[in-house]
>>> print(open('data_13.pdb').read())   # PDB, C-alpha atoms
ATOM      1  CA  MET S 389     -12.741   9.490   6.337  1.00  0.00           C
ATOM      2  CA  SER S 390     -10.018   9.132   3.700  1.00  0.00           C
ATOM      3  CA  THR S 391      -9.135   5.813   2.091  1.00  0.00           C
ATOM      4  CA  GLU S 392      -5.611   6.184   3.477  1.00  0.00           C
ATOM      5  CA  THR S 393      -6.935   6.494   7.047  1.00  0.00           C
ATOM      6  CA  ILE S 394      -9.273   3.543   6.599  1.00  0.00           C
ATOM      7  CA  ALA S 395      -6.494   1.398   5.107  1.00  0.00           C
ATOM      8  CA  ARG S 396      -4.163   2.284   7.972  1.00  0.00           C
ATOM      9  CA  ARG S 397      -6.770   1.357  10.601  1.00  0.00           C
ATOM     10  CA  TYR S 398      -7.470  -2.037   9.055  1.00  0.00           C
ATOM     11  CA  ALA S 399      -3.737  -2.661   8.592  1.00  0.00           C
ATOM     12  CA  ILE S 400      -2.954  -1.824  12.216  1.00  0.00           C
ATOM     13  CA  ALA S 401      -5.780  -4.061  13.461  1.00  0.00           C
ATOM     14  CA  LEU S 402      -4.567  -6.961  11.323  1.00  0.00           C
ATOM     15  CA  ALA S 403      -0.964  -6.390  12.416  1.00  0.00           C
ATOM     16  CA  ASP S 404      -2.132  -6.502  16.048  1.00  0.00           C
ATOM     17  CA  VAL S 405      -3.760  -9.877  15.437  1.00  0.00           C
ATOM     18  CA  VAL S 406      -0.819 -11.488  13.624  1.00  0.00           C
ATOM     19  CA  THR S 407       1.850 -10.185  15.985  1.00  0.00           C
ATOM     20  CA  ASN S 408      -0.061 -11.589  18.970  1.00  0.00           C
ATOM     21  CA  GLY S 409       0.035 -15.220  17.915  1.00  0.00           C
ATOM     22  CA  GLY S 410      -0.355 -15.367  14.162  1.00  0.00           C
ATOM     23  CA  ASP S 411       2.079 -15.825  11.305  1.00  0.00           C
ATOM     24  CA  PRO S 412       2.803 -12.355   9.892  1.00  0.00           C
ATOM     25  CA  GLU S 413       4.735 -13.597   6.836  1.00  0.00           C
ATOM     26  CA  THR S 414       2.008 -16.030   5.824  1.00  0.00           C
ATOM     27  CA  VAL S 415      -0.726 -13.414   6.134  1.00  0.00           C
ATOM     28  CA  LYS S 416       1.406 -10.853   4.294  1.00  0.00           C
ATOM     29  CA  ASN S 417       2.039 -13.245   1.408  1.00  0.00           C
ATOM     30  CA  GLU S 418      -1.611 -14.281   1.268  1.00  0.00           C
ATOM     31  CA  LEU S 419      -2.793 -10.673   1.152  1.00  0.00           C
ATOM     32  CA  VAL S 420      -0.393  -9.999  -1.723  1.00  0.00           C
ATOM     33  CA  ALA S 421      -1.795 -13.025  -3.579  1.00  0.00           C
ATOM     34  CA  TRP S 422      -5.423 -12.023  -2.929  1.00  0.00           C
ATOM     35  CA  ASN S 423      -4.727  -8.463  -3.978  1.00  0.00           C
ATOM     36  CA  GLU S 424      -3.149  -9.684  -7.221  1.00  0.00           C
ATOM     37  CA  MET S 425      -6.000 -12.126  -7.861  1.00  0.00           C
ATOM     38  CA  ILE S 426      -8.737  -9.544  -7.365  1.00  0.00           C
ATOM     39  CA  GLY S 427      -6.769  -6.882  -9.237  1.00  0.00           C
ATOM     40  CA  ALA S 428      -6.272  -9.188 -12.216  1.00  0.00           C
ATOM     41  CA  SER S 429      -9.963 -10.061 -12.526  1.00  0.00           C
ATOM     42  CA  SER S 430     -12.298  -7.376 -13.781  1.00  0.00           C
ATOM     43  CA  ASP S 431     -15.207  -9.706 -12.947  1.00  0.00           C
ATOM     44  CA  LEU S 432     -14.190  -9.923  -9.278  1.00  0.00           C
ATOM     45  CA  GLN S 433     -13.635  -6.171  -9.127  1.00  0.00           C
ATOM     46  CA  SER S 434     -17.116  -5.633 -10.573  1.00  0.00           C
ATOM     47  CA  VAL S 435     -18.765  -8.059  -8.167  1.00  0.00           C
ATOM     48  CA  PHE S 436     -17.138  -6.588  -5.064  1.00  0.00           C
ATOM     49  CA  SER S 437     -17.571  -2.945  -6.058  1.00  0.00           C
ATOM     50  CA  SER S 438     -21.102  -3.034  -7.470  1.00  0.00           C
ATOM     51  CA  PRO S 439     -23.808  -1.627  -5.202  1.00  0.00           C
ATOM     52  CA  ALA S 440     -26.374  -3.512  -7.331  1.00  0.00           C
ATOM     53  CA  ILE S 441     -25.035  -6.892  -6.167  1.00  0.00           C
ATOM     54  CA  GLN S 442     -26.451  -7.942  -2.841  1.00  0.00           C
ATOM     55  CA  HIS S 443     -24.147  -8.354   0.116  1.00  0.00           C
ATOM     56  CA  ALA S 444     -25.047 -12.048   0.488  1.00  0.00           C
ATOM     57  CA  ALA S 445     -23.964 -12.702  -3.106  1.00  0.00           C
ATOM     58  CA  LYS S 446     -20.604 -11.008  -2.474  1.00  0.00           C
ATOM     59  CA  GLU S 447     -20.106 -13.155   0.624  1.00  0.00           C
ATOM     60  CA  LYS S 448     -20.944 -16.285  -1.369  1.00  0.00           C
ATOM     61  CA  VAL S 449     -18.365 -15.389  -4.037  1.00  0.00           C
ATOM     62  CA  LEU S 450     -15.757 -14.808  -1.325  1.00  0.00           C
ATOM     63  CA  GLU S 451     -16.573 -18.123   0.385  1.00  0.00           C
ATOM     64  CA  THR S 452     -16.170 -19.938  -2.944  1.00  0.00           C
ATOM     65  CA  LEU S 453     -12.775 -18.290  -3.456  1.00  0.00           C
ATOM     66  CA  ILE S 454     -11.703 -19.092   0.111  1.00  0.00           C
ATOM     67  CA  ALA S 455     -12.702 -22.741  -0.365  1.00  0.00           C
ATOM     68  CA  LYS S 456     -10.559 -22.985  -3.499  1.00  0.00           C
ATOM     69  CA  ALA S 457      -7.537 -20.991  -2.247  1.00  0.00           C
ATOM     70  CA  SER S 458      -7.480 -22.280   1.352  1.00  0.00           C
ATOM     71  CA  PRO S 459      -5.840 -19.260   2.995  1.00  0.00           C
ATOM     72  CA  SER S 460      -5.022 -19.179   6.701  1.00  0.00           C
ATOM     73  CA  LYS S 461      -7.842 -18.666   9.174  1.00  0.00           C
ATOM     74  CA  THR S 462      -6.596 -15.152   9.942  1.00  0.00           C
ATOM     75  CA  THR S 463      -6.579 -14.143   6.275  1.00  0.00           C
ATOM     76  CA  SER S 464      -9.969 -15.745   5.643  1.00  0.00           C
ATOM     77  CA  ASN S 465     -11.561 -13.946   8.571  1.00  0.00           C
ATOM     78  CA  PHE S 466      -9.945 -10.664   7.578  1.00  0.00           C
ATOM     79  CA  LEU S 467     -11.281 -10.943   4.014  1.00  0.00           C
ATOM     80  CA  ARG S 468     -14.741 -11.736   5.389  1.00  0.00           C
ATOM     81  CA  ILE S 469     -14.607  -8.578   7.514  1.00  0.00           C
ATOM     82  CA  LEU S 470     -13.571  -6.501   4.497  1.00  0.00           C
ATOM     83  CA  VAL S 471     -16.480  -7.844   2.431  1.00  0.00           C
ATOM     84  CA  LYS S 472     -18.925  -7.441   5.330  1.00  0.00           C
ATOM     85  CA  ASN S 473     -17.866  -3.808   5.817  1.00  0.00           C
ATOM     86  CA  GLY S 474     -17.735  -3.031   2.100  1.00  0.00           C
ATOM     87  CA  ARG S 475     -13.965  -2.442   2.204  1.00  0.00           C
ATOM     88  CA  ILE S 476     -12.649  -5.181  -0.079  1.00  0.00           C
ATOM     89  CA  GLY S 477     -12.087  -2.468  -2.707  1.00  0.00           C
ATOM     90  CA  GLU S 478      -9.407  -0.992  -0.442  1.00  0.00           C
ATOM     91  CA  LEU S 479      -7.493  -4.276  -0.205  1.00  0.00           C
ATOM     92  CA  SER S 480      -4.571  -2.912  -2.221  1.00  0.00           C
ATOM     93  CA  GLN S 481      -4.031   0.057   0.103  1.00  0.00           C
ATOM     94  CA  ILE S 482      -4.658  -2.080   3.191  1.00  0.00           C
ATOM     95  CA  GLN S 483      -2.110  -4.648   2.040  1.00  0.00           C
ATOM     96  CA  GLU S 484       0.487  -1.907   1.454  1.00  0.00           C
ATOM     97  CA  ARG S 485      -0.154  -0.309   4.858  1.00  0.00           C
ATOM     98  CA  PHE S 486      -0.065  -3.761   6.485  1.00  0.00           C
ATOM     99  CA  GLU S 487       3.394  -4.422   5.055  1.00  0.00           C
ATOM    100  CA  GLU S 488       4.536  -0.989   6.243  1.00  0.00           C
ATOM    101  CA  GLU S 489       3.097  -1.624   9.708  1.00  0.00           C
ATOM    102  CA  LEU S 490       4.874  -4.985  10.007  1.00  0.00           C
ATOM    103  CA  ALA S 491       8.130  -3.393   8.861  1.00  0.00           C
ATOM    104  CA  ASP S 492       7.650  -0.520  11.302  1.00  0.00           C
ATOM    105  CA  ARG S 493       7.095  -2.935  14.185  1.00  0.00           C
ATOM    106  CA  SER S 494      10.310  -4.735  13.291  1.00  0.00           C
ATOM    107  CA  GLY S 495      12.267  -1.453  13.259  1.00  0.00           C
ATOM    108  CA  VAL S 496      12.324  -1.021   9.498  1.00  0.00           C
ATOM    109  CA  VAL S 497      10.880   1.968   7.661  1.00  0.00           C
ATOM    110  CA  VAL S 498       9.605   1.469   4.123  1.00  0.00           C
ATOM    111  CA  ALA S 499      10.280   4.344   1.738  1.00  0.00           C
ATOM    112  CA  SER S 500       9.393   4.927  -1.887  1.00  0.00           C
ATOM    113  CA  VAL S 501      11.705   6.956  -4.131  1.00  0.00           C
ATOM    114  CA  VAL S 502      10.422   7.910  -7.576  1.00  0.00           C
ATOM    115  CA  SER S 503      12.706   9.638 -10.053  1.00  0.00           C
ATOM    116  CA  ALA S 504      12.479  10.667 -13.704  1.00  0.00           C
ATOM    117  CA  ARG S 505      15.158   8.149 -14.662  1.00  0.00           C
ATOM    118  CA  ASP S 506      16.684   5.020 -13.192  1.00  0.00           C
ATOM    119  CA  LEU S 507      19.119   6.032 -10.453  1.00  0.00           C
ATOM    120  CA  PRO S 508      22.715   4.776 -10.449  1.00  0.00           C
ATOM    121  CA  GLU S 509      23.771   2.578  -7.520  1.00  0.00           C
ATOM    122  CA  THR S 510      25.887   5.384  -6.005  1.00  0.00           C
ATOM    123  CA  GLU S 511      22.831   7.649  -5.763  1.00  0.00           C
ATOM    124  CA  LYS S 512      20.747   4.800  -4.341  1.00  0.00           C
ATOM    125  CA  GLY S 513      23.404   4.293  -1.665  1.00  0.00           C
ATOM    126  CA  ALA S 514      23.338   8.008  -0.855  1.00  0.00           C
ATOM    127  CA  PHE S 515      19.530   7.929  -0.554  1.00  0.00           C
ATOM    128  CA  GLN S 516      19.782   4.917   1.743  1.00  0.00           C
ATOM    129  CA  ALA S 517      22.287   6.645   4.020  1.00  0.00           C
ATOM    130  CA  ASN S 518      20.397   9.967   4.090  1.00  0.00           C
ATOM    131  CA  LEU S 519      17.019   8.382   4.799  1.00  0.00           C
ATOM    132  CA  GLU S 520      18.465   6.219   7.572  1.00  0.00           C
ATOM    133  CA  LYS S 521      20.038   9.325   9.083  1.00  0.00           C
ATOM    134  CA  LEU S 522      16.734  11.219   8.757  1.00  0.00           C
ATOM    135  CA  THR S 523      14.621   8.471  10.335  1.00  0.00           C
ATOM    136  CA  GLY S 524      17.155   6.970  12.720  1.00  0.00           C
ATOM    137  CA  ARG S 525      16.035   3.508  11.561  1.00  0.00           C
ATOM    138  CA  THR S 526      16.822   0.914   8.937  1.00  0.00           C
ATOM    139  CA  VAL S 527      15.172   1.937   5.668  1.00  0.00           C
ATOM    140  CA  GLU S 528      13.867  -0.386   2.979  1.00  0.00           C
ATOM    141  CA  ILE S 529      13.590   1.594  -0.276  1.00  0.00           C
ATOM    142  CA  GLU S 530      11.379   0.771  -3.231  1.00  0.00           C
ATOM    143  CA  TYR S 531      12.592   2.625  -6.320  1.00  0.00           C
ATOM    144  CA  GLY S 532      10.371   3.657  -9.197  1.00  0.00           C
ATOM    145  CA  VAL S 533      10.653   5.660 -12.400  1.00  0.00           C
ATOM    146  CA  ASP S 534       8.127   8.246 -13.609  1.00  0.00           C
ATOM    147  CA  PRO S 535       9.333  10.366 -16.553  1.00  0.00           C
ATOM    148  CA  GLU S 536       6.444  12.788 -15.991  1.00  0.00           C
ATOM    149  CA  ILE S 537       8.164  14.295 -12.934  1.00  0.00           C
ATOM    150  CA  ILE S 538      10.761  15.657 -15.422  1.00  0.00           C
ATOM    151  CA  GLY S 539      13.608  15.646 -12.881  1.00  0.00           C
ATOM    152  CA  GLY S 540      14.323  15.430  -9.185  1.00  0.00           C
ATOM    153  CA  VAL S 541      12.717  12.871  -6.891  1.00  0.00           C
ATOM    154  CA  VAL S 542       9.570  12.239  -4.890  1.00  0.00           C
ATOM    155  CA  THR S 543      10.245  10.391  -1.633  1.00  0.00           C
ATOM    156  CA  ARG S 544       7.484   8.898   0.504  1.00  0.00           C
ATOM    157  CA  ILE S 545       8.090   7.589   4.015  1.00  0.00           C
ATOM    158  CA  GLY S 546       4.848   6.419   5.570  1.00  0.00           C
ATOM    159  CA  SER S 547       2.380   9.247   5.077  1.00  0.00           C
ATOM    160  CA  THR S 548       5.089  11.911   4.654  1.00  0.00           C
ATOM    161  CA  VAL S 549       5.982  12.979   1.126  1.00  0.00           C
ATOM    162  CA  TYR S 550       9.109  14.936   0.192  1.00  0.00           C
ATOM    163  CA  ASP S 551       8.513  16.236  -3.321  1.00  0.00           C
ATOM    164  CA  SER S 552      11.523  17.853  -4.994  1.00  0.00           C
ATOM    165  CA  SER S 553      10.409  17.056  -8.532  1.00  0.00           C
ATOM    166  CA  VAL S 554      10.815  19.566 -11.323  1.00  0.00           C
ATOM    167  CA  ARG S 555       7.157  19.075 -12.253  1.00  0.00           C
ATOM    168  CA  THR S 556       5.984  20.187  -8.791  1.00  0.00           C
ATOM    169  CA  LYS S 557       8.384  23.129  -8.775  1.00  0.00           C
ATOM    170  CA  LEU S 558       7.044  24.239 -12.172  1.00  0.00           C
ATOM    171  CA  GLU S 559       3.441  23.855 -10.970  1.00  0.00           C
ATOM    172  CA  ASN S 560       4.207  25.931  -7.864  1.00  0.00           C
ATOM    173  CA  LEU S 561       5.886  28.601  -9.993  1.00  0.00           C
ATOM    174  CA  ARG S 562       2.878  28.674 -12.338  1.00  0.00           C
ATOM    175  CA  GLU S 563       0.543  29.173  -9.353  1.00  0.00           C
ATOM    176  CA  GLU S 564       2.719  31.984  -7.968  1.00  0.00           C
ATOM    177  CA  LEU S 565       2.788  33.743 -11.339  1.00  0.00           C
ATOM    178  CA  ALA S 566      -0.977  33.358 -11.756  1.00  0.00           C
ATOM    179  CA  ALA S 567      -1.559  34.836  -8.292  1.00  0.00           C
ATOM    180  CA  ALA S 568       0.721  37.812  -8.932  1.00  0.00           C
TER     181      ALA S 568
END
>>> encode(input="data_13.pdb", output="structure tokens")
Amino acid sequence: MSTETIARRYAIALADVVTNGGDPETVKNELVAWNEMIGASSDLQSVFSSPAIQHAAKEKVLETLIAKASPSKTTSNFLRILVKNGRIGELSQIQERFEEELADRSGVVVASVVSARDLPETEKGAFQANLEKLTGRTVEIEYGVDPEIIGGVVTRIGSTVYDSSVRTKLENLREELAAA
């Protein structure tokens, strides 16, 4: 099973829990903080990803962190499940999918638009209008810049990717020429 599928399943399960009596914003903010904390510490990444470290030791490290950070009960239990199932390494993807799931449940679609250069506000407005027309929903867009795509844009809405980058077009052309 792909990491994306696993992340989506955990995110949906957590969203089910928080929308049926929890505090979605609190859990969302806590997951962001935990993701940043683990991502910033190479020691924590090593502990949680190492197959040489026993499961009980990983749980003890997590319990120590939970005692110091005092997250909500929902977040604490969710982190325990991730450690128990060996999925704490996917926290970043789970957190992203969780935010998307919460947005989706509130009628908002999260999109990512990556271009080779920073887009002017007029183009951002056009993207907003076109994506809302395409999805029929309110769209929240996260913009990014990646000079390696050369030109064009790569748009991601959920698991759907619209790639109109020059880099991809050149790669496709290269493959066609190699096959000919």
>>> atom_distance(input="data_13.pdb", atom1="atom CA of Ile400 of chain S", atom2="atom CA of Leu453 of chain S")
24.8 Å
>>> residues_around(input="data_13.pdb", residues="Thr391 of chain S", least_positions_apart="5", cutoff="12 Å", atoms="only C-alpha atoms", output="mmCIF file with C-alpha atoms, keeping the file's coordinate frame")
data_model
loop_
_atom_site.group_PDB
_atom_site.id
_atom_site.type_symbol
_atom_site.label_atom_id
_atom_site.label_comp_id
_atom_site.auth_asym_id
_atom_site.auth_seq_id
_atom_site.Cartn_x
_atom_site.Cartn_y
_atom_site.Cartn_z
ATOM 1 C CA ARG S 396 -4.163 2.284 7.972
ATOM 2 C CA ARG S 397 -6.770 1.357 10.601
ATOM 3 C CA TYR S 398 -7.470 -2.037 9.055
ATOM 4 C CA ALA S 399 -3.737 -2.661 8.592
ATOM 5 C CA ARG S 475 -13.965 -2.442 2.204
ATOM 6 C CA ILE S 476 -12.649 -5.181 -0.079
ATOM 7 C CA GLY S 477 -12.087 -2.468 -2.707
ATOM 8 C CA GLU S 478 -9.407 -0.992 -0.442
ATOM 9 C CA LEU S 479 -7.493 -4.276 -0.205
ATOM 10 C CA SER S 480 -4.571 -2.912 -2.221
ATOM 11 C CA GLN S 481 -4.031 0.057 0.103
ATOM 12 C CA ILE S 482 -4.658 -2.080 3.191
ATOM 13 C CA ARG S 485 -0.154 -0.309 4.858
#
>>> atom_distance(input="data_13.pdb", atom1="atom CA of Ser547 of chain S", atom2="atom CA of Ala401 of chain S")
17.7 Å
>>> residues_around(input="data_13.pdb", residues="Glu487 of chain S", least_positions_apart="3", cutoff="9 Å", atoms="only C-alpha atoms", output="compact mmCIF listing (two decimals) with C-alpha atoms, in the frame of the given file")
# COMPACT_ATOMS: atom_id res chain seq x y z
CA ALA S 399 -3.74 -2.66 8.59
CA ALA S 403 -0.96 -6.39 12.42
CA LYS S 416 1.41 -10.85 4.29
CA ILE S 482 -4.66 -2.08 3.19
CA GLN S 483 -2.11 -4.65 2.04
CA GLU S 484 0.49 -1.91 1.45
CA LEU S 490 4.87 -4.99 10.01
CA ALA S 491 8.13 -3.39 8.86
CA ASP S 492 7.65 -0.52 11.30
CA VAL S 498 9.60 1.47 4.12
>>> closest_residue(input="data_13.pdb", among="S:Val449, S:Ile545, S:Leu565, S:Ile394", to="Val496 of chain S", atoms="all atoms listed in the file")
S:Ile545
>>> closest_residue(input="data_13.pdb", among="S:Ser552, S:Thr543, S:Ser437, S:Ser429", to="Tyr531 of chain S", atoms="only C-alpha atoms")
S:Thr543
>>> closest_residue(input="data_13.pdb", among="S:Met425, S:Ser430, S:Phe436, S:Val501", to="Ala457 of chain S", atoms="only C-alpha atoms")
S:Met425
>>> residues_around(input="data_13.pdb", residues="Leu467 of chain S", least_positions_apart="2", cutoff="9 Å", atoms="all atoms listed in the file", output="list in words")
Leu419, Leu450, Thr462, Thr463, Ser464, Asn465, Ile469, Leu470, Val471, Lys472, Ile476 and Leu479 of chain S
>>> residues_around(input="data_13.pdb", residues="Arg505 of chain S", least_positions_apart="3", cutoff="10 Å", atoms="all atoms listed in the file", output="ChimeraX atom specification")
/S:502,508,532-541
>>> atom_distance(input="data_13.pdb", atom1="atom CA of Thr556 of chain S", atom2="atom CA of Gly524 of chain S")
27.6 Å
>>> axis_aligned_box(input="data_13.pdb", around="segment 557-566 of chain S", padding_each_side="8 Å", output="AutoDock Vina command-line options")
--center_x 3.7 --center_y 28.4 --center_z -10.1 --size_x 25.4 --size_y 26.6 --size_z 20.5
>>> closest_residue(input="data_13.pdb", among="S:Val406, S:Val542, S:Ser500, S:Gln516", to="Arg555 of chain S", atoms="only C-alpha atoms")
S:Val542
>>> closest_residue(input="data_13.pdb", among="S:Thr523, S:Glu564, S:Glu530, S:Asp411", to="Leu507 of chain S", atoms="only C-alpha atoms")
S:Glu530
>>> residues_near_point(input="data_13.pdb", point="(21.2, 4.2, -1.2)", cutoff="12 Å", atoms="only C-alpha atoms", output="PyMOL selection string")
chain S and resi 499-501+507-521+526-531
>>> closest_residue(input="data_13.pdb", among="S:Gln433, S:Asn560, S:Ser460, S:Ser438", to="Thr414 of chain S", atoms="all atoms listed in the file")
S:Ser460
>>> build_atoms(input="data_13.pdb", residues="segment 411-432 of chain S", atoms="N, CA and C atoms", output="mmCIF file, keeping the file's coordinate frame")
data_model
loop_
_atom_site.group_PDB
_atom_site.id
_atom_site.type_symbol
_atom_site.label_atom_id
_atom_site.label_comp_id
_atom_site.auth_asym_id
_atom_site.auth_seq_id
_atom_site.Cartn_x
_atom_site.Cartn_y
_atom_site.Cartn_z
ATOM 1 N N ASP S 411 0.892 -15.686 12.149
ATOM 2 C CA ASP S 411 2.079 -15.825 11.305
ATOM 3 C C ASP S 411 2.111 -14.641 10.347
ATOM 4 N N PRO S 412 2.811 -13.559 10.709
ATOM 5 C CA PRO S 412 2.803 -12.355 9.892
ATOM 6 C C PRO S 412 3.230 -12.579 8.438
ATOM 7 N N GLU S 413 4.250 -13.378 8.206
ATOM 8 C CA GLU S 413 4.735 -13.597 6.836
ATOM 9 C C GLU S 413 3.696 -14.308 5.985
ATOM 10 N N THR S 414 3.034 -15.305 6.568
ATOM 11 C CA THR S 414 2.008 -16.030 5.824
ATOM 12 C C THR S 414 0.867 -15.102 5.440
ATOM 13 N N VAL S 415 0.384 -14.328 6.401
ATOM 14 C CA VAL S 415 -0.726 -13.414 6.134
ATOM 15 C C VAL S 415 -0.300 -12.360 5.118
ATOM 16 N N LYS S 416 0.910 -11.846 5.248
ATOM 17 C CA LYS S 416 1.406 -10.853 4.294
ATOM 18 C C LYS S 416 1.425 -11.427 2.880
ATOM 19 N N ASN S 417 1.966 -12.619 2.727
ATOM 20 C CA ASN S 417 2.039 -13.245 1.408
ATOM 21 C C ASN S 417 0.654 -13.561 0.852
ATOM 22 N N GLU S 418 -0.242 -13.991 1.723
ATOM 23 C CA GLU S 418 -1.611 -14.281 1.268
ATOM 24 C C GLU S 418 -2.337 -13.017 0.838
ATOM 25 N N LEU S 419 -2.151 -11.926 1.554
ATOM 26 C CA LEU S 419 -2.793 -10.673 1.152
ATOM 27 C C LEU S 419 -2.269 -10.198 -0.207
ATOM 28 N N VAL S 420 -0.970 -10.359 -0.420
ATOM 29 C CA VAL S 420 -0.393 -9.999 -1.723
ATOM 30 C C VAL S 420 -1.064 -10.832 -2.817
ATOM 31 N N ALA S 421 -1.188 -12.133 -2.586
ATOM 32 C CA ALA S 421 -1.795 -13.025 -3.579
ATOM 33 C C ALA S 421 -3.257 -12.663 -3.835
ATOM 34 N N TRP S 422 -4.012 -12.401 -2.770
ATOM 35 C CA TRP S 422 -5.423 -12.023 -2.929
ATOM 36 C C TRP S 422 -5.552 -10.695 -3.653
ATOM 37 N N ASN S 423 -4.696 -9.761 -3.317
ATOM 38 C CA ASN S 423 -4.727 -8.463 -3.978
ATOM 39 C C ASN S 423 -4.456 -8.619 -5.473
ATOM 40 N N GLU S 424 -3.472 -9.441 -5.812
ATOM 41 C CA GLU S 424 -3.149 -9.684 -7.221
ATOM 42 C C GLU S 424 -4.296 -10.395 -7.930
ATOM 43 N N MET S 425 -4.905 -11.374 -7.257
ATOM 44 C CA MET S 425 -6.000 -12.126 -7.861
ATOM 45 C C MET S 425 -7.199 -11.224 -8.154
ATOM 46 N N ILE S 426 -7.583 -10.430 -7.174
ATOM 47 C CA ILE S 426 -8.737 -9.544 -7.365
ATOM 48 C C ILE S 426 -8.398 -8.454 -8.380
ATOM 49 N N GLY S 427 -7.183 -7.924 -8.302
ATOM 50 C CA GLY S 427 -6.769 -6.882 -9.237
ATOM 51 C C GLY S 427 -6.697 -7.359 -10.672
ATOM 52 N N ALA S 428 -6.408 -8.648 -10.865
ATOM 53 C CA ALA S 428 -6.272 -9.188 -12.216
ATOM 54 C C ALA S 428 -7.614 -9.580 -12.831
ATOM 55 N N SER S 429 -8.659 -9.623 -12.030
ATOM 56 C CA SER S 429 -9.963 -10.061 -12.526
ATOM 57 C C SER S 429 -10.965 -8.913 -12.523
ATOM 58 N N SER S 430 -11.307 -8.455 -13.702
ATOM 59 C CA SER S 430 -12.298 -7.376 -13.781
ATOM 60 C C SER S 430 -13.660 -7.859 -13.285
ATOM 61 N N ASP S 431 -13.940 -9.157 -13.446
ATOM 62 C CA ASP S 431 -15.207 -9.706 -12.947
ATOM 63 C C ASP S 431 -15.279 -9.615 -11.421
ATOM 64 N N LEU S 432 -14.192 -10.005 -10.742
ATOM 65 C CA LEU S 432 -14.190 -9.923 -9.278
ATOM 66 C C LEU S 432 -14.278 -8.476 -8.811
#
